[in-house]
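Structure record follows, encoded as structure tokens.
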Amino acid sequence: MTKVSWSRLMFFTMLIFVLALAACSNDDNSDEASTDDSDARTEESADEGENESADDSSNESAETEPKVTEFDPAFPEQTRAPEVETETELDVEVVAEGLGVSWGMEEFDTNRLLVTQRDSAELLIVNLEDGSVSDPIEGTPEVNNESQGGLLDVTIAPDFDESRYVFMTFSQDIEGGTVTAVGKGVLSEDEASLEDFEVIFQATPAYDGDLHYGGRIIFDEDGNLFLTTGERSDDPIRERAQDLDAYLGKVIHITQDGEPVESNPFTDDEDALDGIYSYGHRNIQGVDFNPETGDLWIVEFGPQAGDELNIIEPGSNYGWPIVSYGIEYSGELINDGIAEHEAQGFVEPVYYWDPTSAPSGMSFYDNDAIPEWENNLFIGGLLPNYIVRVVIENDIIVGEERLLTDEGERFRDILVTEDGALIASTDGGTVYKITAAGEGN
Ligand SMILES: [Ca+2]
């Protein structure tokens with residue numbers, strides 16, 4: 001059988017399956033693999049699986065676009081994991097729409113979210129039960145909202161019920177350019193204002209640019225903050241990702257007052273900034289703790305291809321811009337085109353995408369409301385526009401799925417509620433709620 005006819009057979013097989021699914025559900029969880037009619041596939045997957053039954057797609061990778069690099073992975077499971085498919089019937093509900101770029105979310109009260117608006121620098125409350133959206137909360141910081149800048153992430157203090165502290169990241173104008181900044185304020189009892197807002201940390205040096213702020217924050221179990229930054233994109237400032245006297249391209253570990261955590265790996269190194277936890281990153285826009293291992297996982301935007309999923313080890317170097325599984329947007333090789341990290345003394349990504357998943361916010365599904373999703377990782381994709389589901393076994397990526405592929409939305413942040421709903425916010429200002437069918441309300 002030729003590749004083309006196999007593809008067509010597969011297309012119709014998929015089509016029948018999708019139609020069957022649609023008959024019992026009108027959710028948007030259809031499989032996008034069938035929509036690639038370009039016949040541009042270069043993978044050899046057409047040779048695989050023909051002696052398997054129709055419900056076994058385990059030899060097909062979720063990625064159907066041709067690779068843009070010629071790099072080989074360091075180990076077989078490092079890229080293009082087999083496609084998996086959620087069997088649970090899902091409800092996909094639009095909770096809110098018409099908002100701006102909804103960069104960060106936090107569930108501060110059961111089924112109520114704090115949601116940042118990147119460009120307007122507004123902080124809103126979205127109620128997942130009735131879809132209501134509050135007026136902007138007063139007292140948010142002034143931001144530089146050019147290009148990728150603005151009001152970014154939001155989280156609450158571990159003792160929020162008593163302290164009412166809300167922490168946010170944003171791009172801030174200071175002398176010499178802009179920085180990724182962290183600030184905190186107290187949410188008033190009437191939820192109308194943030195009081196006594198103060199900046200607690202600035203990821204210096206400042207740079208006169210408007211790209212790659214990173215900007216995710218998450219609390220650890222000791223009540224300290226992890227902050228992710230970007231390397232400000234341009235060549236040569238991006239080389240500062242390798243420098244321990246700059247907070248660019250780093251994972252940073254600070255207290256609630258913005259001070260370096262004492263146990264940080266470089267506190268005994270006089271030439272290094274004490275807040276640095278790991279380095280050699282490009283632009284980290286997603287972070288969460290793996291609920292099975294307790295490890296800190298991040299996702300970082302690569303150049304053209306080479307988006308990486310990394311497990312963060314203190315003091316380690318993740319290689320950017322010395323090594324990458326991606327190439328420059330111009331098509332040129334990065335450095336000398338060295339991709340293998342470990343051979344060069346850097347930490348290998350646990351997984352990478354080629355061409356891209358354009359990864360933004362992410363969240364582990366630390367819940368049993370949808371049992372087959374438990375401990376899976378969900379990542380917002382900006383372009384292509386879908387949510388990535390990653391299945392992990394012993395720190396190896398064993399499956400990948402793309403969800404909400406037909407919405408045409410840039411998925412900016414992902415959150416799992418206490419009730420086990422998967423929430424996705426988008427650049428188009430939509431908030432989606434995904435639940436097992438019949439359990440959404
Ligand atoms: Ca890397």
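Following the order of the structure tokens, chains are lettered A, B, ..., residues in each are numbered from 1, and ligands are numbered from 1.
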For range 176-179 of chain A: contacts at 10 Å, only C-alpha atoms, fewer than 4 positions along chain excluded, given as a compact mmCIF listing (two decimals) with N, CA and C atoms, in the first residue's frame:
```
# COMPACT_ATOMS: atom_id res chain seq x y z
N VAL A 143 2.57 48.59 34.57
CA VAL A 143 3.37 47.62 33.82
C VAL A 143 3.85 48.26 32.52
N ASN A 144 4.84 47.64 31.92
CA ASN A 144 5.17 47.94 30.53
C ASN A 144 4.48 46.86 29.70
N GLY A 149 5.06 41.97 27.08
CA GLY A 149 5.02 42.46 28.44
C GLY A 149 3.61 42.76 28.91
N PHE A 170 5.02 40.76 36.60
CA PHE A 170 4.73 41.73 35.54
C PHE A 170 6.03 42.28 34.97
N SER A 171 5.93 42.87 33.80
CA SER A 171 7.10 43.52 33.22
C SER A 171 7.07 44.98 33.63
N GLN A 172 8.18 45.42 34.17
CA GLN A 172 8.24 46.73 34.81
C GLN A 172 9.31 47.59 34.16
N PHE A 201 10.76 41.74 44.12
CA PHE A 201 11.91 41.18 43.40
C PHE A 201 11.92 41.69 41.97
N GLN A 202 13.12 41.99 41.47
CA GLN A 202 13.30 42.38 40.07
C GLN A 202 14.39 41.52 39.46
N ALA A 203 14.08 40.89 38.35
CA ALA A 203 15.04 39.99 37.70
C ALA A 203 15.97 40.82 36.83
N THR A 204 16.95 41.40 37.47
CA THR A 204 17.92 42.26 36.79
C THR A 204 18.97 41.42 36.05
N PRO A 205 19.66 41.98 35.08
CA PRO A 205 19.68 43.38 34.68
C PRO A 205 18.48 43.76 33.81
N ALA A 206 18.17 45.07 33.83
CA ALA A 206 17.16 45.60 32.93
C ALA A 206 17.67 45.51 31.49
N TYR A 207 16.74 45.41 30.57
CA TYR A 207 17.11 45.35 29.15
C TYR A 207 16.07 46.10 28.34
N ASP A 208 16.53 46.83 27.36
CA ASP A 208 15.64 47.63 26.54
C ASP A 208 15.04 46.74 25.43
N GLY A 209 14.07 45.93 25.83
CA GLY A 209 13.42 45.03 24.89
C GLY A 209 12.05 44.68 25.44
N ASP A 210 11.25 44.00 24.62
CA ASP A 210 9.88 43.69 25.08
C ASP A 210 9.53 42.21 24.88
N LEU A 211 10.56 41.35 24.87
CA LEU A 211 10.33 39.92 24.65
C LEU A 211 10.91 39.08 25.80
N TYR A 213 9.93 37.46 28.88
CA TYR A 213 9.92 37.80 30.31
C TYR A 213 9.78 36.55 31.19
N THR A 229 12.16 33.03 34.56
CA THR A 229 12.40 34.21 33.73
C THR A 229 12.74 33.79 32.30
N GLY A 230 12.86 34.80 31.43
CA GLY A 230 13.33 34.59 30.07
C GLY A 230 14.67 35.28 29.91
N ARG A 232 15.43 37.38 27.44
CA ARG A 232 15.18 38.63 26.73
C ARG A 232 15.43 38.51 25.23
N TYR A 247 19.92 37.53 36.30
CA TYR A 247 18.72 36.74 36.57
C TYR A 247 17.93 36.40 35.30
N LEU A 248 18.57 36.53 34.15
CA LEU A 248 17.89 36.26 32.88
C LEU A 248 18.05 34.78 32.50
```
Apply DSSP to the structure's backbone, then extract all residues of range 295-397 of chain A labelled helix (DSSP H, G or I) and return them as a VMD selection string.
chain A and resid 342 to 344 371 to 373
What residues have any atom no more than 9 Å from ligand 1 when counting only C-alpha atoms and all ligand atoms, and can you list them as a count of residues only? 25
When DSSP works through the backbone of this structure, what residues of range 321-368 of chain A end up as strand (DSSP E), shown as a ChimeraX atom specification? /A:351-353,359-364
Taken to one decimal, the CA of Glu93 in chain A-CA of Met168 in chain A distance is 27.2 Å
Can I get the residues of range 373-423 of chain A within 12 Å of range 96-111 of chain A, each with the closest pair of atoms and their distance in Å to one decimal, using only C-alpha atoms, sorted chain first then ascending number, as JSON lines?
```
{"residue": "A:Gly380", "atom": "CA", "partner": "A:Trp103", "partner_atom": "CA", "distance": 10.7}
{"residue": "A:Leu382", "atom": "CA", "partner": "A:Trp103", "partner_atom": "CA", "distance": 11.5}
{"residue": "A:Glu409", "atom": "CA", "partner": "A:Val101", "partner_atom": "CA", "distance": 10.9}
{"residue": "A:Arg410", "atom": "CA", "partner": "A:Val101", "partner_atom": "CA", "distance": 9.3}
{"residue": "A:Phe411", "atom": "CA", "partner": "A:Ser102", "partner_atom": "CA", "distance": 9.1}
{"residue": "A:Arg412", "atom": "CA", "partner": "A:Trp103", "partner_atom": "CA", "distance": 5.7}
{"residue": "A:Asp413", "atom": "CA", "partner": "A:Gly104", "partner_atom": "CA", "distance": 5.9}
{"residue": "A:Ile414", "atom": "CA", "partner": "A:Met105", "partner_atom": "CA", "distance": 7.7}
{"residue": "A:Leu415", "atom": "CA", "partner": "A:Met105", "partner_atom": "CA", "distance": 7.0}
{"residue": "A:Val416", "atom": "CA", "partner": "A:Glu107", "partner_atom": "CA", "distance": 8.6}
{"residue": "A:Thr417", "atom": "CA", "partner": "A:Glu107", "partner_atom": "CA", "distance": 6.7}
{"residue": "A:Glu418", "atom": "CA", "partner": "A:Thr110", "partner_atom": "CA", "distance": 7.1}
{"residue": "A:Asp419", "atom": "CA", "partner": "A:Asn111", "partner_atom": "CA", "distance": 8.0}
{"residue": "A:Gly420", "atom": "CA", "partner": "A:Asn111", "partner_atom": "CA", "distance": 10.4}
{"residue": "A:Ala421", "atom": "CA", "partner": "A:Asn111", "partner_atom": "CA", "distance": 9.3}
{"residue": "A:Leu422", "atom": "CA", "partner": "A:Asn111", "partner_atom": "CA", "distance": 11.4}
{"residue": "A:Ile423", "atom": "CA", "partner": "A:Met105", "partner_atom": "CA", "distance": 9.0}
```
In terms of only C-alpha atoms, the residue from A:Asn375, A:Thr435, A:Thr255, A:Asn264 at minimal distance from Asp288 in chain A is A:Asn375
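Minimum atom-to-atom distances from A:Gly315, A:Glu400, A:Pro82, A:Pro371 to Asp268 in chain A were compared using only C-alpha atoms, and the lowest value belongs to A:Gly315.
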